[in-house]
Amino acid sequence: MATVQVSDLRKSFGALEVVKGVSIDIRDGEFLILVGPSGCGKSTLLRMIAGLEDISAGRIDIGGRVVNTLSPKERNIAMVFQNYALYPQMTVGQNMGFSLEISGMKKAEIDKKVSEASEILGLTPLLQRKPSQLSGGQRQRVAMGRAIVRDPDVFLFDEPLSNLDAKLRVQMRAEIKALHQRLGSTIVYVTHDQVEAMTMADRIVVLRGGCVEQIGTPLELYDHPENMFVAGFLGSPSMNFLRGRIEGQSLLLAGGERLALPSLPKAASGGDVVVGIRPQGFAAGLQDGARATIKVVEPTGADTHVLADIGGTEITCVVNDRVDFAPGQEIRLSITSAKVHFFDPASEARLD
Amino acid sequence: MFNSKFMQSSRTQALLLIGPALAVYATFAIWPMIEVVFLSFQHWNGLDPHREWVGLENYRYILTNDAVFWVALRNTITWTILAVIFPPTIGLLLALGLNQQLFGRVPMRAIYYLPVIIAPIAVATIWRWMYDPFFGLFNQVLTSLSLQSLISDWLGDREIALYSMFVAYTWQYVGFSMVLFLAGLQSVDRSLVEAARIDGASRWQVFRHVTLPALRVTLAIVLVLSTISSLKAFDIVYGMTGGGPAQSTQMLALWAFMQSMQIFDFGRGSAISVILLLVTLTIVVPYLRWSQRDEGAGE
């Protein structure tokens, strides 16, 4: 176990800079998730920590030791790859013991460590199998087993669940989280899936275009997004953004509709503003509120997602009750949530 | 024109597609092979309308009375062993080198492959000039380096002529293995290499545990093709030494040709060809079966 410090880290491929001065302090035993859309530099950042990519500028410390020029094997890290990267000609047991074997560990000790790890992961009956004889979820577990036996300072996960089907992904998510609680090790985990980030992380780092947008616990980021990007990235369905002008206690939309607001930004200048409201923050009815036209109705069973057009802006609201709305129908929307976010339309930054 | 039922029948379609090639192959490859087997039991000068059936006489003569046959057999086996070791090894090393992010690697690949597309008879001519004891490149270079003691009659010396010829053969065929290995190297999973590096593997261990297993199929193909092409080596010998000096570089394929086309004893020539075929099958068939069975187990 160890801390990881990333200080003003940069990475360029030729003239293209993909990581632009990222600084993150990862605590000992922390489960940190790097999340962002594709091309945000999250995988490159992870690969730099692993030592698989050179560092263009900046510094990485693992356990207080600068590792910039160290090879992957000198960093005492373990990595789980998206495609599992299991050695096809080796059995499960050999895959898990490979790193110990080439480090010169005695056979008996390797066997002991492998059987311990396979016990934790429920792989014991599969030790003699080849990777090709395993299912996707089993392969994923072997890849984790290979990391566990090494007892590394830091575990690195590079989108480990994206090749699994939805149901298995949910199951593995819980398993990885339980594993972290059991081992207490430092984990840096890359994903593009905000649900994974929200459910598993101690802290989340949201990246965009090679820069850190915000760092914080899942709920900090959900409740206090510092800008529209973070606000829109976390949460499902995404936050709705309505552009308009504040007049009195309500928001005047472009089409002339008015939405009553539960609170006002302190820094409101009376000018244009973007209001962010989560889909769960609306009440849809037929009497009070701003006029909206229904476009699509998506029942999910537990609740219903209603896509509607309000003053030329498309929004999604999640309605808990069963409703019999039809596309084209006109409804009335009002804000029920006390949590409304205000953003500057130009800088997209949070207004408090 | 075509009724659709007829076209849709997949068996008919398959026959239409492979039929012409099969006809050509049967006429010009299969039938001559059968004919050669018949000829090896006959005595025939190539012109006489009568072919005399002599049973195993040709084989008896070759195995007991033909000293050149045994030289040719020994040379062919030596040649094949060398050809299975050196060109594939050098080709693999070149492929590993040219698979790196290297400046100018594309033209270099082309340059190393170039000799493969030259006709073997032209390669033989080029190298015969270079080996010329008086005007050839090698002895000139040795002279200018004051290494006169190393000057040899490269193709005229019975002790070294076979090996001199093999150097030319290697030069020509290294590119062939190289290209196959380069293609094989593209199938090496990058994340496996990275996983091995993180697991602490050295360069050699990455090669041993990741690259080499991924090259298994390619390796089997290269070795089989190298074996076959070296067993039937003909043009380069024909063009460089003609089997000389004093039959010291004679090979089975060339000896079969000489028996038939120069001595006009088609029976003996055919018998040598049949023996060569049997030698080839004895080596290649078990190897193919072994490599395929092993591949199945590895999956």
# chains A, B, ... in the order shown; residues from 1 in each chain; ligands from 1
$ residues_around --residues "stretch 259-268 of chain A" --least-positions-apart "3" --cutoff "6 Å" --atoms "only C-alpha atoms" --output "PDB file with C-alpha atoms, in the first residue's frame"
ATOM      1  CA  GLN A 249     -38.101  34.459  -8.226  1.00  0.00           C
ATOM      2  CA  SER A 250     -38.388  32.799 -11.587  1.00  0.00           C
ATOM      3  CA  LEU A 251     -36.465  31.947 -14.711  1.00  0.00           C
ATOM      4  CA  ALA A 290     -44.417  26.152 -17.466  1.00  0.00           C
ATOM      5  CA  ALA A 338     -34.528  22.406  -3.646  1.00  0.00           C
ATOM      6  CA  ASP A 352     -22.993  30.381  -5.936  1.00  0.00           C
TER       7      ASP A 352
END
$ residues_around --residues "A:Phe233" --least-positions-apart "2" --cutoff "9 Å" --atoms "only C-alpha atoms" --output "compact mmCIF listing (two decimals) with N, CA and C atoms, in the first residue's frame"
# COMPACT_ATOMS: atom_id res chain seq x y z
N GLY A 36 -14.02 10.16 -17.47
CA GLY A 36 -14.12 11.22 -18.48
C GLY A 36 -14.46 10.59 -19.81
N PRO A 37 -14.84 11.41 -20.78
CA PRO A 37 -15.18 10.87 -22.10
C PRO A 37 -13.93 10.37 -22.81
N GLN A 194 -19.87 6.65 -15.82
CA GLN A 194 -20.06 7.44 -14.60
C GLN A 194 -20.73 6.65 -13.50
N VAL A 206 -12.69 13.94 -12.40
CA VAL A 206 -13.31 14.08 -13.71
C VAL A 206 -12.33 14.80 -14.62
N MET A 228 -20.49 23.08 -15.75
CA MET A 228 -21.56 22.38 -16.46
C MET A 228 -21.11 21.01 -16.95
N PHE A 229 -19.80 20.87 -17.27
CA PHE A 229 -19.33 19.58 -17.77
C PHE A 229 -19.48 18.50 -16.71
N VAL A 230 -18.99 18.79 -15.50
CA VAL A 230 -19.09 17.81 -14.42
C VAL A 230 -20.55 17.55 -14.09
N ALA A 231 -21.34 18.63 -14.07
CA ALA A 231 -22.76 18.50 -13.76
C ALA A 231 -23.45 17.58 -14.76
N GLY A 235 -24.44 11.44 -13.09
CA GLY A 235 -25.89 11.33 -12.90
C GLY A 235 -26.55 10.79 -14.15
N SER A 236 -27.58 9.97 -13.94
CA SER A 236 -28.24 9.36 -15.07
C SER A 236 -29.74 9.37 -14.84
N SER A 238 -28.77 12.51 -17.60
CA SER A 238 -27.96 13.71 -17.35
C SER A 238 -28.80 14.88 -16.85
N MET A 239 -28.08 15.81 -16.19
CA MET A 239 -28.73 17.03 -15.72
C MET A 239 -29.25 17.84 -16.91
$ interface_residues --of "chain B" --to "chain A" --cutoff "9 Å" --atoms "only C-alpha atoms" --output "VMD selection string"
chain B and resid 189 to 202 205 209 to 210 213 to 214 298 to 299
$ write_last_selection --atoms "C-alpha atoms" --output "short mmCIF file (atom, residue, chain, number, x, y, z; two decimals), in the first residue's frame"
data_model
loop_
_atom_site.label_atom_id
_atom_site.label_comp_id
_atom_site.auth_asym_id
_atom_site.auth_seq_id
_atom_site.Cartn_x
_atom_site.Cartn_y
_atom_site.Cartn_z
CA ASP B 189 -1.16 -8.63 -28.40
CA ARG B 190 0.37 -5.35 -27.18
CA SER B 191 -1.38 -5.48 -23.87
CA LEU B 192 0.12 -8.94 -23.26
CA VAL B 193 3.57 -7.45 -23.73
CA GLU B 194 2.66 -4.67 -21.33
CA ALA B 195 1.19 -7.10 -18.81
CA ALA B 196 4.43 -9.09 -18.92
CA ARG B 197 6.49 -5.94 -18.43
CA ILE B 198 4.40 -5.03 -15.40
CA ASP B 199 4.78 -8.59 -14.15
CA GLY B 200 8.50 -7.87 -14.17
CA ALA B 201 9.55 -9.80 -17.26
CA SER B 202 12.86 -8.91 -18.91
CA GLN B 205 11.26 -13.25 -20.86
CA HIS B 209 6.54 -16.08 -22.80
CA VAL B 210 4.58 -13.69 -25.04
CA PRO B 213 3.92 -18.42 -28.16
CA ALA B 214 2.11 -15.93 -30.40
CA GLY B 298 -3.11 -24.85 -26.86
CA GLU B 299 -6.44 -23.29 -27.73
#
$ select_by_dssp --residues "stretch 68-261 of chain B" --states "alpha helix (DSSP H)" --output "PyMOL selection string"
chain B and resi 68-98+105-117+120-131+137-144+161-186+190-198+203-206+212-214+216-231+235-240+252-261
$ residues_around --residues "B:Thr76" --least-positions-apart "4" --cutoff "10 Å" --atoms "only C-alpha atoms" --output "list in words"
Trp70, Val71, Ala72, Thr80, Ile81, Leu82, Ser230, Leu231, Lys232, Ala233, Thr249, Gln250, Met251, Leu252, Ala253 and Leu276 of chain B
$ write_last_selection --atoms "N, CA and C atoms" --output "mmCIF file, in the first residue's frame"
data_model
loop_
_atom_site.group_PDB
_atom_site.id
_atom_site.type_symbol
_atom_site.label_atom_id
_atom_site.label_comp_id
_atom_site.auth_asym_id
_atom_site.auth_seq_id
_atom_site.Cartn_x
_atom_site.Cartn_y
_atom_site.Cartn_z
ATOM 1 N N TRP B 70 24.115 -41.323 -53.283
ATOM 2 C CA TRP B 70 24.348 -41.194 -51.839
ATOM 3 C C TRP B 70 24.973 -39.852 -51.485
ATOM 4 N N VAL B 71 25.847 -39.354 -52.384
ATOM 5 C CA VAL B 71 26.401 -38.002 -52.158
ATOM 6 C C VAL B 71 25.260 -36.999 -52.199
ATOM 7 N N ALA B 72 24.386 -37.147 -53.211
ATOM 8 C CA ALA B 72 23.277 -36.203 -53.373
ATOM 9 C C ALA B 72 22.339 -36.259 -52.173
ATOM 10 N N THR B 80 19.155 -29.281 -46.101
ATOM 11 C CA THR B 80 17.852 -29.069 -45.466
ATOM 12 C C THR B 80 18.021 -28.680 -44.001
ATOM 13 N N ILE B 81 18.957 -29.353 -43.322
ATOM 14 C CA ILE B 81 19.179 -29.008 -41.910
ATOM 15 C C ILE B 81 19.627 -27.552 -41.803
ATOM 16 N N LEU B 82 20.588 -27.162 -42.658
ATOM 17 C CA LEU B 82 21.069 -25.778 -42.638
ATOM 18 C C LEU B 82 19.925 -24.815 -42.969
ATOM 19 N N SER B 230 13.811 -26.396 -49.419
ATOM 20 C CA SER B 230 15.218 -26.796 -49.432
ATOM 21 C C SER B 230 15.387 -28.218 -49.969
ATOM 22 N N LEU B 231 14.407 -29.077 -49.705
ATOM 23 C CA LEU B 231 14.504 -30.445 -50.227
ATOM 24 C C LEU B 231 14.472 -30.456 -51.750
ATOM 25 N N LYS B 232 13.753 -29.530 -52.329
ATOM 26 C CA LYS B 232 13.657 -29.534 -53.793
ATOM 27 C C LYS B 232 14.622 -28.538 -54.423
ATOM 28 N N ALA B 233 15.623 -28.044 -53.666
ATOM 29 C CA ALA B 233 16.583 -27.067 -54.201
ATOM 30 C C ALA B 233 17.143 -27.570 -55.527
ATOM 31 N N THR B 249 28.608 -31.145 -55.052
ATOM 32 C CA THR B 249 27.428 -30.369 -54.636
ATOM 33 C C THR B 249 26.160 -30.944 -55.252
ATOM 34 N N GLN B 250 26.226 -32.212 -55.632
ATOM 35 C CA GLN B 250 25.048 -32.831 -56.251
ATOM 36 C C GLN B 250 23.898 -32.923 -55.233
ATOM 37 N N MET B 251 22.672 -32.712 -55.728
ATOM 38 C CA MET B 251 21.496 -32.818 -54.856
ATOM 39 C C MET B 251 20.471 -33.729 -55.517
ATOM 40 N N LEU B 252 19.527 -34.232 -54.750
ATOM 41 C CA LEU B 252 18.572 -35.203 -55.283
ATOM 42 C C LEU B 252 17.773 -34.651 -56.455
ATOM 43 N N ALA B 253 17.255 -33.432 -56.320
ATOM 44 C CA ALA B 253 16.399 -32.887 -57.384
ATOM 45 C C ALA B 253 17.209 -32.725 -58.671
ATOM 46 N N LEU B 276 12.838 -38.844 -53.306
ATOM 47 C CA LEU B 276 12.800 -37.483 -52.767
ATOM 48 C C LEU B 276 11.413 -37.176 -52.192
#
$ atom_distance --atom1 "atom CA of A:Met198" --atom2 "atom CA of A:Pro160"
15.7 Å
$ residues_around --residues "B:Ala119" --least-positions-apart "4" --cutoff "12 Å" --atoms "only C-alpha atoms" --output "list of chain:residue names"
B:Leu114, B:Pro115, B:Val123, B:Ala124, B:Thr125, B:Ile126, B:Tyr169, B:Gln172, B:Tyr173, B:Asp235, B:Ile236, B:Gly239
$ closest_atom_pairs --of "stretch 214-288 of chain A" --to "stretch 15-28 of chain A" --cutoff "12 Å" --atoms "only C-alpha atoms" --output "Markdown table"
| residue | atom | partner | partner_atom | distance |
| --- | --- | --- | --- | --- |
| A:Gln214 | CA | A:Ile24 | CA | 10.5 |
| A:Ile215 | CA | A:Ile24 | CA | 8.3 |
| A:Gly216 | CA | A:Ile24 | CA | 10.8 |
$ write_last_selection --atoms "N, CA and C atoms" --output "mmCIF file, in the first residue's frame"
data_model
loop_
_atom_site.group_PDB
_atom_site.id
_atom_site.type_symbol
_atom_site.label_atom_id
_atom_site.label_comp_id
_atom_site.auth_asym_id
_atom_site.auth_seq_id
_atom_site.Cartn_x
_atom_site.Cartn_y
_atom_site.Cartn_z
ATOM 1 N N GLN A 214 -12.643 18.433 -11.963
ATOM 2 C CA GLN A 214 -12.995 18.487 -10.549
ATOM 3 C C GLN A 214 -12.561 17.195 -9.864
ATOM 4 N N ILE A 215 -12.155 17.309 -8.589
ATOM 5 C CA ILE A 215 -11.827 16.135 -7.781
ATOM 6 C C ILE A 215 -12.683 16.173 -6.532
ATOM 7 N N GLY A 216 -13.265 15.053 -6.165
ATOM 8 C CA GLY A 216 -14.045 15.032 -4.932
ATOM 9 C C GLY A 216 -14.715 13.698 -4.731
#
$ select_by_dssp --residues "stretch 55-297 of chain A" --states "strand (DSSP E)" --output "PDB file with C-alpha atoms, in the first residue's frame"
ATOM      1  CA  ALA A  57       6.923  16.788 -17.897  1.00  0.00           C
ATOM      2  CA  GLY A  58       5.946  16.678 -14.237  1.00  0.00           C
ATOM      3  CA  ARG A  59       6.496  14.093 -11.536  1.00  0.00           C
ATOM      4  CA  ILE A  60       4.983  10.899 -10.182  1.00  0.00           C
ATOM      5  CA  ASP A  61       5.737   9.669  -6.650  1.00  0.00           C
ATOM      6  CA  ILE A  62       4.655   6.265  -5.418  1.00  0.00           C
ATOM      7  CA  ARG A  65       9.620   7.712  -4.146  1.00  0.00           C
ATOM      8  CA  VAL A  66       9.947   9.492  -7.499  1.00  0.00           C
ATOM      9  CA  ILE A  77       2.369  -1.855  -9.211  1.00  0.00           C
ATOM     10  CA  ALA A  78      -0.098  -4.313 -10.699  1.00  0.00           C
ATOM     11  CA  MET A  79      -2.436  -3.610 -13.562  1.00  0.00           C
ATOM     12  CA  VAL A  80      -5.693  -5.121 -14.773  1.00  0.00           C
ATOM     13  CA  VAL A 154      -0.880   0.214  -6.044  1.00  0.00           C
ATOM     14  CA  PHE A 155      -3.500  -1.540  -8.181  1.00  0.00           C
ATOM     15  CA  LEU A 156      -4.218   0.020 -11.564  1.00  0.00           C
ATOM     16  CA  PHE A 157      -7.420  -0.853 -13.415  1.00  0.00           C
ATOM     17  CA  ASP A 158      -7.866   0.199 -17.043  1.00  0.00           C
ATOM     18  CA  THR A 186      -4.606   1.858  -3.059  1.00  0.00           C
ATOM     19  CA  ILE A 187      -6.517   1.584  -6.333  1.00  0.00           C
ATOM     20  CA  VAL A 188      -6.446   3.852  -9.352  1.00  0.00           C
ATOM     21  CA  TYR A 189      -9.284   2.905 -11.662  1.00  0.00           C
ATOM     22  CA  VAL A 190     -10.076   4.272 -15.114  1.00  0.00           C
ATOM     23  CA  THR A 191     -13.550   4.178 -16.601  1.00  0.00           C
ATOM     24  CA  ARG A 203     -12.985   9.988  -4.734  1.00  0.00           C
ATOM     25  CA  ILE A 204     -13.574  10.741  -8.401  1.00  0.00           C
ATOM     26  CA  VAL A 205     -11.369  12.750 -10.741  1.00  0.00           C
ATOM     27  CA  VAL A 206     -13.313  14.083 -13.714  1.00  0.00           C
ATOM     28  CA  LEU A 207     -11.056  14.718 -16.692  1.00  0.00           C
ATOM     29  CA  ARG A 208     -11.743  16.518 -19.942  1.00  0.00           C
ATOM     30  CA  CYS A 211      -7.256  18.653 -17.721  1.00  0.00           C
ATOM     31  CA  VAL A 212      -8.784  17.938 -14.324  1.00  0.00           C
ATOM     32  CA  GLU A 213     -12.283  19.408 -14.147  1.00  0.00           C
ATOM     33  CA  GLN A 214     -12.995  18.487 -10.549  1.00  0.00           C
ATOM     34  CA  ILE A 215     -11.827  16.135  -7.781  1.00  0.00           C
ATOM     35  CA  GLY A 216     -14.045  15.032  -4.932  1.00  0.00           C
ATOM     36  CA  ASN A 240     -30.962  19.380 -17.728  1.00  0.00           C
ATOM     37  CA  PHE A 241     -29.636  22.813 -18.567  1.00  0.00           C
ATOM     38  CA  LEU A 242     -32.087  25.659 -19.143  1.00  0.00           C
ATOM     39  CA  ARG A 243     -30.806  28.980 -20.388  1.00  0.00           C
ATOM     40  CA  GLY A 244     -32.705  32.132 -19.515  1.00  0.00           C
ATOM     41  CA  ARG A 245     -32.849  35.304 -17.454  1.00  0.00           C
ATOM     42  CA  ILE A 246     -33.694  35.609 -13.796  1.00  0.00           C
ATOM     43  CA  GLU A 247     -36.681  37.815 -13.164  1.00  0.00           C
ATOM     44  CA  SER A 250     -38.388  32.799 -11.587  1.00  0.00           C
ATOM     45  CA  LEU A 251     -36.465  31.947 -14.711  1.00  0.00           C
ATOM     46  CA  LEU A 252     -37.663  33.534 -17.925  1.00  0.00           C
ATOM     47  CA  LEU A 253     -36.999  31.124 -20.794  1.00  0.00           C
ATOM     48  CA  ARG A 258     -41.564  31.155 -16.679  1.00  0.00           C
ATOM     49  CA  LEU A 259     -40.276  28.558 -14.228  1.00  0.00           C
ATOM     50  CA  ALA A 260     -40.493  29.341 -10.529  1.00  0.00           C
ATOM     51  CA  ASP A 272     -28.370  35.529 -18.495  1.00  0.00           C
ATOM     52  CA  VAL A 273     -27.859  32.353 -16.534  1.00  0.00           C
ATOM     53  CA  VAL A 274     -27.904  28.603 -17.064  1.00  0.00           C
ATOM     54  CA  VAL A 275     -29.992  26.671 -14.566  1.00  0.00           C
ATOM     55  CA  GLY A 276     -29.135  23.020 -14.008  1.00  0.00           C
ATOM     56  CA  ILE A 277     -31.893  20.736 -12.756  1.00  0.00           C
ATOM     57  CA  PHE A 282     -39.339  18.208 -11.889  1.00  0.00           C
ATOM     58  CA  ALA A 283     -42.982  17.662 -11.285  1.00  0.00           C
ATOM     59  CA  ALA A 284     -44.975  17.013 -14.423  1.00  0.00           C
ATOM     60  CA  GLY A 285     -48.686  17.647 -14.294  1.00  0.00           C
ATOM     61  CA  ALA A 290     -44.417  26.152 -17.466  1.00  0.00           C
ATOM     62  CA  ARG A 291     -45.873  24.737 -20.653  1.00  0.00           C
ATOM     63  CA  ALA A 292     -43.934  21.871 -22.283  1.00  0.00           C
ATOM     64  CA  THR A 293     -44.622  19.477 -25.143  1.00  0.00           C
ATOM     65  CA  ILE A 294     -43.950  15.780 -24.735  1.00  0.00           C
ATOM     66  CA  LYS A 295     -41.696  14.203 -27.343  1.00  0.00           C
ATOM     67  CA  VAL A 296     -40.960  10.715 -26.074  1.00  0.00           C
ATOM     68  CA  VAL A 297     -42.183   8.654 -23.127  1.00  0.00           C
TER      69      VAL A 297
END
$ atom_distance --atom1 "atom CA of A:Lys339" --atom2 "atom CA of A:Pro279"
11.5 Å
$ residues_around --residues "A:Gly301" --least-positions-apart "2" --cutoff "12 Å" --atoms "only C-alpha atoms" --output "list of chain:residue names"
A:Glu298, A:Pro299, A:Asp303, A:Thr304, A:His305, A:Val318, A:Val319, A:Asn320, A:Asp321, A:Arg322, A:Val323
$ write_last_selection --atoms "C-alpha atoms" --output "CSV table (one decimal), in the first residue's frame"
chain,number,residue,atom,x,y,z
A,298,GLU,CA,-39.8,5.9,-21.9
A,299,PRO,CA,-41.3,3.6,-19.2
A,303,ASP,CA,-40.3,5.1,-13.1
A,304,THR,CA,-40.9,6.9,-16.4
A,305,HIS,CA,-38.5,9.1,-18.4
A,318,VAL,CA,-38.1,11.3,-14.3
A,319,VAL,CA,-41.5,10.7,-13.0
A,320,ASN,CA,-42.0,8.2,-10.2
A,321,ASP,CA,-45.7,7.5,-10.9
A,322,ARG,CA,-47.1,5.7,-13.8
A,323,VAL,CA,-48.3,8.4,-16.1
$ residues_around --residues "B:Asp66" --least-positions-apart "5" --cutoff "12 Å" --atoms "only C-alpha atoms" --output "number ranges by chain"
B: 58-61, 71-73, 255, 259, 268-269, 272
$ write_last_selection --atoms "N, CA and C atoms" --output "PDB file, in the first residue's frame"
ATOM      1  N   ASN B  58      15.338 -50.211 -60.962  1.00  0.00           N
ATOM      2  CA  ASN B  58      15.877 -48.845 -60.866  1.00  0.00           C
ATOM      3  C   ASN B  58      16.258 -48.521 -59.425  1.00  0.00           C
ATOM      4  N   TYR B  59      15.389 -48.895 -58.498  1.00  0.00           N
ATOM      5  CA  TYR B  59      15.662 -48.613 -57.086  1.00  0.00           C
ATOM      6  C   TYR B  59      16.881 -49.394 -56.614  1.00  0.00           C
ATOM      7  N   ARG B  60      16.957 -50.664 -57.047  1.00  0.00           N
ATOM      8  CA  ARG B  60      18.092 -51.487 -56.631  1.00  0.00           C
ATOM      9  C   ARG B  60      19.390 -50.851 -57.114  1.00  0.00           C
ATOM     10  N   TYR B  61      19.380 -50.405 -58.370  1.00  0.00           N
ATOM     11  CA  TYR B  61      20.595 -49.824 -58.935  1.00  0.00           C
ATOM     12  C   TYR B  61      21.001 -48.565 -58.165  1.00  0.00           C
ATOM     13  N   VAL B  71      25.847 -39.354 -52.384  1.00  0.00           N
ATOM     14  CA  VAL B  71      26.401 -38.002 -52.158  1.00  0.00           C
ATOM     15  C   VAL B  71      25.260 -36.999 -52.199  1.00  0.00           C
ATOM     16  N   ALA B  72      24.386 -37.147 -53.211  1.00  0.00           N
ATOM     17  CA  ALA B  72      23.277 -36.203 -53.373  1.00  0.00           C
ATOM     18  C   ALA B  72      22.339 -36.259 -52.173  1.00  0.00           C
ATOM     19  N   LEU B  73      22.082 -37.471 -51.674  1.00  0.00           N
ATOM     20  CA  LEU B  73      21.191 -37.616 -50.520  1.00  0.00           C
ATOM     21  C   LEU B  73      21.797 -36.936 -49.291  1.00  0.00           C
ATOM     22  N   TRP B 255      19.997 -34.311 -59.470  1.00  0.00           N
ATOM     23  CA  TRP B 255      20.432 -35.633 -59.941  1.00  0.00           C
ATOM     24  C   TRP B 255      19.282 -36.343 -60.685  1.00  0.00           C
ATOM     25  N   GLN B 259      19.682 -37.402 -64.569  1.00  0.00           N
ATOM     26  CA  GLN B 259      19.435 -38.778 -65.010  1.00  0.00           C
ATOM     27  C   GLN B 259      18.434 -38.798 -66.154  1.00  0.00           C
ATOM     28  N   ARG B 268      15.428 -44.239 -63.928  1.00  0.00           N
ATOM     29  CA  ARG B 268      16.230 -43.933 -62.732  1.00  0.00           C
ATOM     30  C   ARG B 268      15.923 -42.533 -62.212  1.00  0.00           C
ATOM     31  N   GLY B 269      15.784 -41.588 -63.147  1.00  0.00           N
ATOM     32  CA  GLY B 269      15.439 -40.213 -62.732  1.00  0.00           C
ATOM     33  C   GLY B 269      14.148 -40.201 -61.933  1.00  0.00           C
ATOM     34  N   ILE B 272      14.545 -41.617 -58.447  1.00  0.00           N
ATOM     35  CA  ILE B 272      15.146 -40.648 -57.518  1.00  0.00           C
ATOM     36  C   ILE B 272      14.085 -39.656 -57.053  1.00  0.00           C
TER      37      ILE B 272
END
$ closest_residue --among "B:Thr227, B:Gln186, B:Ser273, B:Ser248" --to "B:Ala95" --atoms "only C-alpha atoms"
B:Gln186
$ residues_around --residues "B:Arg109" --least-positions-apart "3" --cutoff "12 Å" --atoms "only C-alpha atoms" --output "list in words"
Gly91, Leu94, Ala95, Leu96, Gly97, Leu98, Asn99, Gln100, Leu102, Phe103, Gly104, Arg105, Val106, Tyr112, Tyr113, Leu114, Pro115, Val116, Val174, Gly175, Phe176, Ser177, Met178, Val179, Leu180, Phe181, Leu182 and Ala183 of chain B
$ atom_distance --atom1 "atom CA of A:Glu226" --atom2 "atom CA of A:Met48"
26.7 Å
$ closest_residue --among "B:Val237, B:Gly184, B:Thr280, B:Trp290" --to "B:Asn75" --atoms "only C-alpha atoms"
B:Val237
$ closest_residue --among "A:Asn227, A:His180, A:Leu168, A:Asp193" --to "A:Ser347" --atoms "only C-alpha atoms"
A:Asn227
